[in-house]
file protein.txt (compact mmCIF, C-alpha atoms)
# COMPACT_ATOMS: atom_id res chain seq x y z
CA MET O 24 76.93 -114.09 -16.63
CA GLU O 25 77.79 -110.50 -15.78
CA PHE O 26 76.89 -109.72 -12.16
CA GLU O 27 74.78 -106.64 -12.89
CA ARG O 28 72.76 -108.46 -15.54
CA LEU O 29 72.24 -111.33 -13.16
CA VAL O 30 70.93 -108.95 -10.49
CA GLU O 31 68.70 -107.21 -13.02
CA GLU O 32 67.18 -110.47 -14.19
CA PHE O 33 66.73 -112.30 -10.90
CA TYR O 34 66.60 -109.97 -7.90
CA MET O 35 62.85 -109.45 -8.07
CA PRO O 36 61.78 -113.11 -8.42
CA LEU O 37 64.31 -114.10 -5.76
CA TYR O 38 63.00 -111.44 -3.39
CA ARG O 39 59.41 -112.56 -4.00
CA PHE O 40 60.35 -116.19 -3.40
CA GLY O 41 62.20 -115.17 -0.23
CA LEU O 42 59.23 -113.13 0.94
CA SER O 43 56.88 -116.01 0.40
CA LEU O 44 59.16 -118.37 2.35
CA SER O 45 60.07 -116.08 5.23
CA ARG O 46 56.89 -113.95 5.34
CA LYS O 47 59.07 -110.97 6.33
CA GLU O 48 60.29 -108.21 4.04
CA SER O 49 63.57 -107.78 5.91
CA ASP O 50 64.29 -111.52 5.79
CA ALA O 51 63.47 -111.59 2.08
CA VAL O 52 66.01 -108.80 1.55
CA ASP O 53 68.59 -110.73 3.62
CA LEU O 54 67.97 -113.92 1.69
CA THR O 55 68.30 -112.15 -1.67
CA GLN O 56 71.51 -110.44 -0.59
CA HIS O 57 72.93 -113.68 0.70
CA THR O 58 72.13 -115.43 -2.56
CA PHE O 59 74.02 -112.90 -4.69
CA LEU O 60 76.92 -112.80 -2.26
CA THR O 61 77.20 -116.56 -2.46
CA TRP O 62 77.17 -116.21 -6.23
CA ALA O 63 79.98 -113.63 -6.00
CA VAL O 64 82.10 -116.11 -4.07
CA LYS O 65 81.11 -119.45 -5.60
CA GLY O 66 79.31 -118.69 -8.84
CA HIS O 67 82.42 -119.29 -10.96
CA GLN O 68 82.26 -122.97 -9.94
CA LEU O 69 79.06 -123.44 -11.90
CA ARG O 70 80.02 -125.01 -15.22
CA ASP O 71 76.64 -125.01 -16.95
CA PRO O 72 75.35 -121.45 -17.60
CA SER O 73 71.84 -122.78 -18.20
CA LYS O 74 71.70 -123.75 -14.51
CA VAL O 75 72.21 -120.23 -13.15
CA LYS O 76 68.52 -119.65 -12.40
CA THR O 77 68.09 -122.99 -10.61
CA TRP O 78 71.37 -122.45 -8.74
CA LEU O 79 70.24 -119.06 -7.42
CA PHE O 80 66.83 -120.30 -6.27
CA THR O 81 68.35 -123.41 -4.70
CA THR O 82 70.89 -121.26 -2.85
CA LEU O 83 68.17 -119.00 -1.50
CA TYR O 84 66.03 -121.96 -0.45
CA ARG O 85 68.94 -123.72 1.29
CA GLN O 86 69.79 -120.54 3.15
CA PHE O 87 66.18 -120.21 4.24
CA LEU O 88 66.24 -123.79 5.54
CA ALA O 89 69.53 -123.24 7.30
CA GLU O 90 68.24 -120.12 9.01
CA LYS O 91 65.03 -121.70 10.10
CA ARG O 92 66.81 -124.84 11.25
CA ARG O 93 63.75 -126.74 10.17
CA ALA O 94 65.32 -128.60 7.31
CA ALA O 95 63.69 -131.83 8.38
CA HIS O 96 60.30 -130.41 7.48
CA PHE O 97 61.43 -129.52 4.00
CA VAL O 98 63.83 -132.17 2.78
CA ASP O 99 61.24 -134.75 3.43
CA THR O 100 61.70 -137.14 0.50
CA GLU O 101 58.64 -139.19 1.21
CA GLU O 102 56.90 -139.68 -2.11
CA GLU O 103 53.50 -138.00 -2.23
CA THR O 104 51.60 -138.63 -5.41
CA GLU O 105 48.00 -137.89 -4.46
CA PHE O 106 46.22 -135.02 -6.13
CA VAL O 107 43.43 -133.13 -4.43
CA GLU O 108 40.30 -131.69 -5.97
CA PRO O 109 40.30 -127.94 -5.40
CA PRO O 110 37.26 -126.37 -3.73
CA HIS O 111 34.75 -124.52 -5.86
CA PHE O 112 35.81 -120.97 -6.59
CA SER O 113 33.38 -118.53 -8.10
CA PRO O 114 34.84 -116.50 -11.00
CA SER O 115 33.42 -113.35 -9.40
CA ILE O 116 35.72 -113.90 -6.42
CA ALA O 117 38.72 -113.91 -8.75
CA ASN O 118 37.95 -110.28 -9.59
CA ALA O 119 38.28 -109.32 -5.92
CA ILE O 120 41.79 -110.75 -5.54
CA ASP O 121 44.70 -108.36 -5.16
CA ALA O 122 48.42 -108.80 -4.46
CA ASN O 123 47.92 -108.39 -0.72
CA ILE O 124 45.28 -111.11 -0.61
CA VAL O 125 47.47 -113.46 -2.66
CA GLN O 126 50.37 -112.89 -0.27
CA LYS O 127 48.22 -113.54 2.79
CA ALA O 128 46.87 -116.73 1.27
CA LEU O 129 50.38 -117.91 0.40
CA HIS O 130 51.65 -117.07 3.87
CA ALA O 131 48.83 -119.10 5.38
CA LEU O 132 50.01 -122.25 3.61
CA GLU O 133 52.04 -124.89 5.37
CA ASP O 134 55.74 -124.51 4.65
CA ARG O 135 55.97 -127.65 2.53
CA TYR O 136 53.25 -126.39 0.18
CA ARG O 137 54.21 -122.73 0.16
CA ALA O 138 57.54 -123.15 -1.63
CA PRO O 139 56.32 -125.26 -4.59
CA VAL O 140 53.10 -123.26 -4.97
CA THR O 141 55.03 -119.98 -5.02
CA LEU O 142 57.43 -121.30 -7.64
CA PHE O 143 54.47 -122.62 -9.65
CA TYR O 144 52.79 -119.21 -9.70
CA MET O 145 56.01 -117.36 -10.46
CA GLN O 146 55.91 -119.17 -13.81
CA GLN O 147 59.67 -119.16 -14.24
CA HIS O 148 60.39 -122.79 -13.53
CA SER O 149 59.40 -126.11 -14.99
CA TYR O 150 58.28 -128.83 -12.59
CA ARG O 151 61.66 -130.48 -13.04
CA GLU O 152 63.41 -127.24 -12.01
CA ILE O 153 61.13 -126.86 -8.98
CA ALA O 154 62.05 -130.40 -7.98
CA GLU O 155 65.77 -129.53 -8.30
CA ILE O 156 65.40 -126.32 -6.30
CA LEU O 157 63.46 -127.95 -3.47
CA GLU O 158 65.43 -131.20 -3.70
CA ILE O 159 62.34 -133.39 -3.67
CA PRO O 160 61.01 -135.91 -6.23
CA ILE O 161 58.99 -134.50 -9.11
CA GLY O 162 55.90 -136.50 -8.15
CA THR O 163 56.02 -134.88 -4.72
CA VAL O 164 56.29 -131.44 -6.34
CA MET O 165 53.15 -132.03 -8.39
CA SER O 166 51.24 -133.47 -5.46
CA ARG O 167 52.24 -130.56 -3.22
CA ILE O 168 51.24 -128.07 -5.89
CA SER O 169 47.85 -129.74 -6.18
CA ARG O 170 47.30 -129.84 -2.41
CA GLY O 171 48.79 -126.38 -1.89
CA LYS O 172 46.57 -124.84 -4.54
CA ALA O 173 43.50 -126.44 -2.95
CA GLU O 174 44.46 -125.02 0.47
CA MET O 175 45.24 -121.68 -1.04
CA ARG O 176 41.80 -121.43 -2.60
CA HIS O 177 40.23 -121.89 0.85
CA SER O 178 42.40 -119.07 2.20
CA LEU O 179 41.69 -116.85 -0.78
CA ARG O 180 37.96 -117.29 -0.29
CA GLU O 181 38.28 -116.37 3.37
CA GLU O 182 40.52 -113.39 2.66
CA VAL O 183 38.19 -112.06 -0.04
CA ALA O 184 35.23 -112.44 2.33
CA THR O 185 37.15 -110.65 5.11
CA GLU O 186 38.05 -107.78 2.78
CA ALA O 187 34.44 -107.56 1.56
CA ARG O 188 33.22 -107.20 5.16
CA LYS O 189 35.51 -104.21 5.61
CA ILE O 190 33.74 -102.29 2.86
CA VAL O 191 31.02 -100.10 4.30
CA PRO O 192 28.27 -99.43 1.74
CA LEU O 193 27.49 -95.80 1.07
CA THR O 194 24.01 -94.79 2.15
CA LYS O 195 21.98 -92.70 -0.25
CA GLY O 196 21.58 -89.11 0.92
CA GLY O 197 18.20 -87.44 1.19
CA GLN O 198 16.15 -90.59 1.75
CA ASP O 199 14.51 -89.22 4.85
CA GLY O 200 13.55 -85.94 3.35
CA MET Y 23 38.18 -141.62 -14.00
CA ASP Y 24 35.33 -139.61 -12.43
CA LYS Y 25 34.93 -135.83 -12.47
CA SER Y 26 36.37 -135.34 -9.02
CA GLU Y 27 39.48 -137.27 -9.99
CA ILE Y 28 39.80 -135.29 -13.22
CA ARG Y 29 39.59 -132.01 -11.32
CA ALA Y 30 42.24 -133.23 -8.86
CA ILE Y 31 44.64 -134.25 -11.64
CA LEU Y 32 44.11 -131.04 -13.61
CA SER Y 33 44.73 -128.94 -10.50
CA ALA Y 34 48.43 -129.81 -10.87
CA TYR Y 35 48.43 -129.31 -14.64
CA ARG Y 36 50.41 -126.54 -16.31
CA ALA Y 37 50.18 -126.14 -20.04
CA GLY Y 38 53.47 -126.55 -21.84
CA ASP Y 39 55.35 -128.29 -19.05
CA PRO Y 40 56.95 -131.53 -20.32
CA GLU Y 41 55.92 -133.35 -17.14
CA THR Y 42 52.25 -132.79 -17.88
CA GLN Y 43 52.58 -134.69 -21.15
CA ASP Y 44 52.08 -137.72 -18.92
CA PRO Y 45 49.18 -139.93 -20.25
CA ARG Y 46 47.20 -139.42 -17.02
CA PHE Y 47 47.20 -135.64 -17.52
CA GLN Y 48 46.46 -135.98 -21.20
CA GLN Y 49 43.49 -138.24 -20.52
CA ALA Y 50 42.12 -135.90 -17.84
CA ARG Y 51 42.54 -132.94 -20.15
CA ALA Y 52 40.86 -134.66 -23.11
CA THR Y 53 37.91 -135.70 -20.91
CA ALA Y 54 37.57 -132.20 -19.50
CA GLU Y 55 37.58 -130.65 -22.97
CA ALA Y 56 34.80 -132.99 -24.11
CA ASP Y 57 32.54 -132.32 -21.12
CA PRO Y 58 30.89 -128.84 -21.09
CA GLU Y 59 30.70 -128.67 -17.30
CA LEU Y 60 34.31 -129.73 -16.81
CA ALA Y 61 35.42 -127.54 -19.70
CA GLN Y 62 33.82 -124.51 -18.03
CA TRP Y 63 35.42 -125.44 -14.68
CA TRP Y 64 38.80 -125.93 -16.38
CA THR Y 65 38.62 -122.52 -18.09
CA GLU Y 66 37.81 -120.85 -14.76
CA GLN Y 67 40.68 -122.63 -13.00
CA GLN Y 68 43.18 -121.50 -15.61
CA GLU Y 69 41.88 -117.94 -15.39
CA LEU Y 70 42.18 -118.02 -11.61
CA ASP Y 71 45.76 -119.33 -11.87
CA ARG Y 72 46.53 -116.54 -14.32
CA VAL Y 73 45.11 -113.91 -11.92
CA ILE Y 74 47.06 -115.31 -8.94
CA SER Y 75 50.29 -115.36 -10.95
CA ALA Y 76 49.79 -111.78 -12.10
CA LYS Y 77 49.11 -110.60 -8.55
CA LEU Y 78 52.09 -112.48 -7.15
CA LEU Y 79 54.36 -110.98 -9.79
CA SER Y 80 53.10 -107.50 -8.89
CA VAL Y 81 54.26 -107.76 -5.26
CA GLU Y 82 56.47 -104.74 -4.71
CA VAL Y 83 60.22 -105.20 -4.35
CA PRO Y 84 62.16 -102.59 -2.34
CA ARG Y 85 63.72 -100.23 -4.87
CA GLU Y 86 66.92 -99.86 -2.90
CA LEU Y 87 67.58 -103.61 -3.01
CA LYS Y 88 68.88 -103.52 -6.58
CA THR Y 89 71.03 -100.51 -5.77
CA GLN Y 90 72.55 -102.31 -2.81
CA LEU Y 91 73.26 -105.42 -4.84
CA THR Y 92 74.85 -103.66 -7.80
CA ALA Y 93 76.84 -101.41 -5.46
CA TRP Y 94 78.98 -104.41 -4.51
CA GLU Y 95 79.90 -104.82 -8.15
CA LYS Y 96 80.81 -101.14 -8.49
CA ARG Y 97 82.98 -101.33 -5.38
CA SER Y 98 84.84 -104.30 -6.75
CA MET Y 99 85.36 -102.47 -10.11
CA GLN Y 100 86.99 -99.57 -8.26
CA ARG Y 101 89.56 -101.97 -6.95
CA SER Y 102 90.53 -103.11 -10.45
CA ASN Y 103 93.72 -101.03 -10.55
CA TRP Y 104 95.21 -102.76 -7.57
CA ASN Y 105 98.01 -105.21 -7.84
CA ARG Y 106 96.23 -108.34 -9.07
CA GLY Y 107 97.51 -110.63 -6.34
CA ILE Y 108 96.66 -108.22 -3.55
CA MET Y 109 93.33 -107.53 -5.17
CA LEU Y 110 92.37 -111.19 -5.36
CA ALA Y 111 93.33 -111.76 -1.75
CA ALA Y 112 91.53 -108.62 -0.60
CA ALA Y 113 88.48 -109.41 -2.72
CA SER Y 114 88.22 -112.84 -1.13
CA ILE Y 115 88.47 -111.35 2.35
CA VAL Y 116 85.92 -108.65 1.55
CA ALA Y 117 83.56 -111.15 -0.07
CA LEU Y 118 83.84 -113.51 2.87
CA ALA Y 119 83.45 -110.70 5.37
CA VAL Y 120 80.32 -109.47 3.64
CA LEU Y 121 79.09 -113.01 3.28
CA PHE Y 122 79.52 -113.65 6.98
CA GLY Y 123 77.82 -110.34 7.57
CA SER Y 124 74.66 -111.63 5.95
CA TRP Y 125 74.66 -114.88 7.88
CA ARG Y 126 72.94 -115.23 11.17
CA GLY Y 127 75.89 -116.88 12.84
CA PRO Y 128 77.80 -115.57 15.81
CA PHE Y 129 80.43 -113.71 13.75
CA GLN Y 130 78.68 -110.54 12.66
CA PRO Y 131 80.91 -107.60 11.71
CA ALA Y 132 79.35 -104.27 12.70
CA VAL Y 133 77.94 -102.26 9.81
CA SER Y 134 77.98 -98.52 9.39
CA LEU Y 135 75.35 -96.37 11.03
CA ALA Y 136 74.43 -95.03 7.59
CA ASP Y 137 73.67 -98.54 6.29
CA TYR Y 138 71.66 -99.41 9.38
CA ARG Y 139 69.72 -96.14 9.20
CA ASP Y 140 69.04 -96.56 5.46
CA GLU Y 141 67.73 -100.08 5.84
CA MET Y 142 65.54 -99.35 8.83
CA VAL Y 143 63.99 -96.25 7.25
CA SER Y 144 63.48 -98.16 3.99
CA PHE Y 145 61.82 -100.88 6.03
CA VAL Y 146 59.22 -98.62 7.66
CA LYS Y 147 58.57 -96.89 4.34
CA LEU Y 148 57.17 -100.22 3.16
CA ASP Y 149 54.59 -100.00 5.93
CA PRO Y 150 55.42 -103.42 7.38
CA PRO Y 151 52.71 -105.29 9.30
CA LEU Y 152 52.97 -105.31 13.08
CA GLU Y 153 53.18 -108.62 14.91
CA LEU Y 154 51.37 -107.32 17.96
CA GLU Y 155 49.03 -104.37 18.05
CA SER Y 156 48.55 -102.95 21.50
CA SER Y 157 48.55 -99.57 23.19
CA GLN Y 158 50.17 -101.03 26.31
CA LEU Y 159 53.90 -100.51 26.17
CA THR Y 160 54.54 -103.19 28.79
CA ARG Y 161 52.75 -105.79 26.64
CA LEU Y 162 54.83 -104.78 23.66
CA THR Y 163 58.16 -104.99 25.48
CA ALA Y 164 57.16 -108.35 26.99
CA PHE Y 165 56.25 -109.66 23.51
CA LEU Y 166 59.59 -108.49 22.10
CA GLU Y 167 61.48 -110.15 24.92
CA GLU Y 168 59.58 -113.43 24.43
CA ASN Y 169 60.48 -113.35 20.75
CA GLY Y 170 64.21 -112.94 21.21
CA ALA Y 171 64.40 -109.21 20.43
CA PRO Y 172 66.46 -106.86 22.63
CA SER Y 173 64.96 -106.51 26.10
CA GLY Y 174 65.37 -104.24 29.12
CA LEU Y 175 64.72 -101.22 26.92
CA ASN Y 176 65.12 -97.67 28.12
CA ILE Y 177 62.42 -95.86 26.18
CA PRO Y 178 62.57 -92.05 26.16
CA GLN Y 179 60.00 -90.30 28.35
CA GLY Y 180 58.53 -88.43 25.40
CA LEU Y 181 57.66 -91.69 23.66
CA GLN Y 182 56.33 -93.28 26.83
CA GLN Y 183 53.76 -90.53 26.98
CA MET Y 184 52.56 -91.22 23.44
CA ASN Y 185 50.02 -93.85 22.43
CA ALA Y 186 51.79 -97.06 21.51
CA ALA Y 187 50.48 -98.74 18.34
CA GLY Y 188 52.30 -102.06 18.22
CA CYS Y 189 55.56 -103.83 17.68
CA ARG Y 190 57.36 -106.43 15.64
CA THR Y 191 60.73 -108.08 15.37
CA LEU Y 192 62.96 -108.09 12.34
CA ARG Y 193 66.44 -109.19 11.39
CA PHE Y 194 69.34 -106.98 10.40
CA ARG Y 195 72.52 -108.68 9.18
CA GLY Y 196 72.12 -111.49 11.67
CA HIS Y 197 70.91 -109.39 14.59
CA ASP Y 198 67.44 -109.32 16.11
CA VAL Y 199 65.90 -105.88 16.03
CA ALA Y 200 62.95 -104.69 18.10
CA LEU Y 201 60.59 -102.20 16.47
CA ILE Y 202 58.01 -100.34 18.53
CA CYS Y 203 55.60 -97.98 16.80
CA PHE Y 204 53.78 -95.06 18.40
CA LYS Y 205 50.87 -93.09 17.03
CA ARG Y 206 51.20 -89.33 16.56
CA ASP Y 207 48.45 -87.21 18.10
CA ASP Y 208 48.59 -84.59 15.36
CA ASN Y 209 48.05 -86.72 12.25
CA GLY Y 210 47.68 -90.33 13.35
CA GLU Y 211 50.85 -91.40 11.51
CA LEU Y 212 53.28 -93.80 13.12
CA VAL Y 213 56.72 -93.00 14.46
CA HIS Y 214 59.23 -95.80 14.93
CA LEU Y 215 61.77 -96.82 17.55
CA PHE Y 216 64.29 -99.52 16.56
CA VAL Y 217 66.52 -101.19 19.13
CA VAL Y 218 69.41 -103.50 18.32
CA ASP Y 219 72.51 -104.79 20.08
CA ARG Y 220 75.01 -101.93 20.05
CA LYS Y 221 77.66 -104.27 18.63
CA ALA Y 222 75.63 -104.53 15.42
CA VAL Y 223 76.38 -100.95 14.39
CA ALA Y 224 79.85 -99.41 14.18
CA LYS Y 225 80.93 -96.02 15.45
CA LEU Y 226 77.82 -94.93 17.29
CA ARG Y 227 78.40 -91.73 19.21
CA GLY Y 228 75.09 -90.20 20.31
CA THR Y 229 73.76 -90.42 23.82
CA ARG Y 230 70.21 -90.43 25.02
CA ALA Y 231 70.44 -86.80 26.09
CA ASP Y 232 72.29 -85.76 22.96
CA PRO Y 233 71.40 -88.06 20.04
CA GLN Y 234 72.88 -87.96 16.54
CA PHE Y 235 70.40 -86.58 14.02
CA ALA Y 236 70.33 -87.34 10.33
CA GLU Y 237 67.87 -86.44 7.60
CA GLN Y 238 66.68 -89.12 5.24
CA GLY Y 239 64.41 -87.53 2.62
CA GLU Y 240 61.26 -86.44 4.42
CA TRP Y 241 62.29 -88.52 7.44
CA MET Y 242 64.37 -87.39 10.40
CA THR Y 243 66.27 -89.93 12.46
CA ALA Y 244 67.92 -89.80 15.86
CA THR Y 245 70.38 -92.42 17.10
CA TRP Y 246 71.98 -93.01 20.43
CA VAL Y 247 73.56 -95.69 22.59
CA ASP Y 248 72.21 -96.63 25.98
CA GLY Y 249 73.67 -99.58 27.87
CA GLU Y 250 74.01 -102.57 25.55
CA HIS Y 251 71.57 -101.22 23.00
CA ALA Y 252 71.67 -98.95 19.98
CA TYR Y 253 68.47 -96.93 19.54
CA LEU Y 254 67.25 -95.47 16.28
CA PHE Y 255 64.17 -93.28 16.19
CA ALA Y 256 62.58 -92.39 12.84
CA ALA Y 257 59.68 -90.08 12.10
CA LYS Y 258 58.51 -87.90 9.26
CA GLY Y 259 59.37 -84.30 10.02
CA THR Y 260 62.14 -82.01 11.13
CA ARG Y 261 64.70 -82.19 13.92
CA PRO Y 262 62.59 -80.09 16.35
CA THR Y 263 59.67 -82.49 15.72
CA VAL Y 264 61.84 -85.46 16.62
CA GLU Y 265 63.33 -83.67 19.64
CA LYS Y 266 59.79 -83.06 20.85
CA PHE Y 267 58.88 -86.75 20.50
CA LEU Y 268 61.99 -87.81 22.40
CA GLY Y 269 61.58 -85.15 25.04
CA THR Y 270 65.09 -83.81 24.48
CA SER Y 271 64.10 -80.31 23.34

call {"tool": "encode", "arguments": {"input": "protein.txt", "output": "structure tokens"}}
result
Amino acid sequence: MEFERLVEEFYMPLYRFGLSLSRKESDAVDLTQHTFLTWAVKGHQLRDPSKVKTWLFTTLYRQFLAEKRRAAHFVDTEEETEFVEPPHFSPSIANAIDANIVQKALHALEDRYRAPVTLFYMQQHSYREIAEILEIPIGTVMSRISRGKAEMRHSLREEVATEARKIVPLTKGGQDG
Amino acid sequence: MDKSEIRAILSAYRAGDPETQDPRFQQARATAEADPELAQWWTEQQELDRVISAKLLSVEVPRELKTQLTAWEKRSMQRSNWNRGIMLAAASIVALAVLFGSWRGPFQPAVSLADYRDEMVSFVKLDPPLELESSQLTRLTAFLEENGAPSGLNIPQGLQQMNAAGCRTLRFRGHDVALICFKRDDNGELVHLFVVDRKAVAKLRGTRADPQFAEQGEWMTATWVDGEHAYLFAAKGTRPTVEKFLGTS
């Protein structure tokens, strides 16, 4: 695929994935740059063009792991298959969610849940692709998505409540007179 | 399969994904659709997932990132008239050099001052969160030191007299950068002091008493070298404004 078209198509989702992983804008930029530079050097070795997307996300994720030197936490292949019931979430709270709140809730997740949940919500990857990117079994992906989503709902509820407390209600003028 | 179990299974469900054609998902889904309470819950869950996805996909991406990425391609196109053999060899060296430049290993080629300045100003334009908010400069410098950022800083007198707002660390092409923010008295906006290892940036000439100034849109920057560190100050305004902040006017 032509380099410019590749950048056009994937730089934003890669940056957002990098931001979710690293929690820092500058690191997300670094990770995105590194991913495309690796493509510039090694991309020609990829034989199957349908794998470009997975290849780019895997490259970014591996680089993140390498930089954090915490690979052991992530390439944990222990099979997790339990699903978790998510906490109750009032539909009215959904209306109060914004991008900032979503980011905070994602950042609050444990590392092992944050990556699959982010990829789930980016809606660009099948479960099988998420499993390939994160190099974990598909059952583990689904279990982590279930658990991660449940944890995220707790954080979202707290974040929405925190934001609501910041809003100072306007008092009606002229009540005393 | 009770309701709690159904909710747990459906929490990992995504319509259309081949993996969720699994009989367990299908059974949970069929049960949920037949039960009004579960059906209502299921509708709300899907709506919430849709909202979260939409918000996540609206997270802003730095505009200059695409420009930076495609610029590499343009640079390589400009080399297309070279002798092919030389070009291939040079391209490999350039690609590897740039690649190493983005790693956090020990071999970090210095980048141009213009690149460093662009990225740091772009960074503060995004209004990044601070890792420590404090008005005590000594607390901020201690925090930076504890977190591996440059230490032993020589902060200009003018800034020392301002109210500190906070600090954070960031990474630039494999180098740790310290960022300290100060609050302006006149409008409450922040001004920013970045400090990085001087080896990270090539061809720095300014000194503390006579910094190099450069305009960046509505921002004015001043850079200088002091000891082992390269300093970059950025604030909205003109050169006299910045000189006043630094106490060099």

call {"tool": "closest_atom_pairs", "arguments": {"input": "protein.txt", "of": "range 127-155 of chain O", "to": "range 74-95 of chain O", "cutoff": "9 Å", "atoms": "all atoms listed in the file", "output": "tab-separated table"}}
result
residue	atom	partner	partner_atom	distance
O:Ala138	CA	O:Tyr84	CA	8.7
O:His148	CA	O:Thr77	CA	8.2
O:Glu152	CA	O:Thr77	CA	6.5
O:Ile153	CA	O:Thr77	CA	8.1
O:Glu155	CA	O:Thr77	CA	7.3

call {"tool": "axis_aligned_box", "arguments": {"input": "protein.txt", "around": "range 199-211 of chain Y", "padding_each_side": "3 Å", "output": "JSON"}}
result
{"center_x": 56.8, "center_y": -95.2, "center_z": 15.0, "size_x": 24.2, "size_y": 27.3, "size_z": 13.0}

call {"tool": "closest_atom_pairs", "arguments": {"input": "protein.txt", "of": "chain O", "to": "chain Y", "cutoff": "8 Å", "atoms": "all atoms listed in the file", "output": "CSV"}}
result
residue,atom,partner,partner_atom,distance
O:Phe26,CA,Y:Glu95,CA,7.0
O:Glu27,CA,Y:Thr92,CA,5.9
O:Val30,CA,Y:Lys88,CA,7.0
O:Glu31,CA,Y:Lys88,CA,7.4
O:Tyr34,CA,Y:Lys88,CA,7.0
O:Met35,CA,Y:Val83,CA,6.2
O:Pro36,CA,Y:Leu79,CA,7.8
O:Tyr38,CA,Y:Val83,CA,6.9
O:Arg39,CA,Y:Val81,CA,7.2
O:Lys47,CA,Y:Leu192,CA,7.7
O:Glu48,CA,Y:Pro150,CA,7.6
O:Ser49,CA,Y:Arg193,CA,6.3
O:Asp50,CA,Y:Arg193,CA,6.4
O:Val52,CA,Y:Leu87,CA,7.1
O:Asp53,CA,Y:Ser124,CA,6.6
O:Gln56,CA,Y:Leu91,CA,6.8
O:His57,CA,Y:Ser124,CA,5.9
O:Phe59,CA,Y:Leu91,CA,7.5
O:Leu60,CA,Y:Leu121,CA,6.0
O:Thr61,CA,Y:Leu121,CA,7.0
O:Ala63,CA,Y:Ala117,CA,7.4
O:Val64,CA,Y:Ala117,CA,6.5
O:Glu90,CA,Y:Arg126,CA,7.1
O:Phe106,CA,Y:Ala30,CA,5.1
O:Val107,CA,Y:Ala30,CA,4.6
O:Glu108,CA,Y:Ala30,CA,3.8
O:Pro109,CA,Y:Ala30,CA,6.6
O:Pro114,CA,Y:Glu66,CA,6.5
O:Ala117,CA,Y:Leu70,CA,6.1
O:Ile120,CA,Y:Ile74,CA,7.8
O:Asp121,CA,Y:Lys77,CA,6.0
O:Ala122,CA,Y:Lys77,CA,4.5
O:Asn123,CA,Y:Val81,CA,7.8
O:Val125,CA,Y:Leu78,CA,6.5
O:Gln126,CA,Y:Leu78,CA,7.1
O:Tyr144,CA,Y:Ser75,CA,4.8
O:Met145,CA,Y:Ser75,CA,6.1
O:Gln146,CA,Y:Ser75,CA,7.4
O:Ser149,CA,Y:Asp39,CA,6.1
O:Tyr150,CA,Y:Glu41,CA,6.8
O:Arg151,CA,Y:Glu41,CA,7.6
O:Met165,CA,Y:Ala34,CA,5.8
O:Ser166,CA,Y:Ala34,CA,7.1
O:Ile168,CA,Y:Ala34,CA,6.0
O:Ser169,CA,Y:Ala34,CA,4.7
O:Lys172,CA,Y:Ser33,CA,7.5

call {"tool": "residues_around", "arguments": {"input": "protein.txt", "residues": "Asp219 in chain Y", "least_positions_apart": "6", "cutoff": "10 Å", "atoms": "all atoms listed in the file", "output": "number ranges by chain"}}
result
Y: 171-173, 197-200, 247, 249-253

call {"tool": "closest_residue", "arguments": {"input": "protein.txt", "among": "O:Ala51, O:Gly171, O:Leu157, O:Val183", "to": "Ile116 in chain O", "atoms": "all atoms listed in the file"}}
result
O:Val183
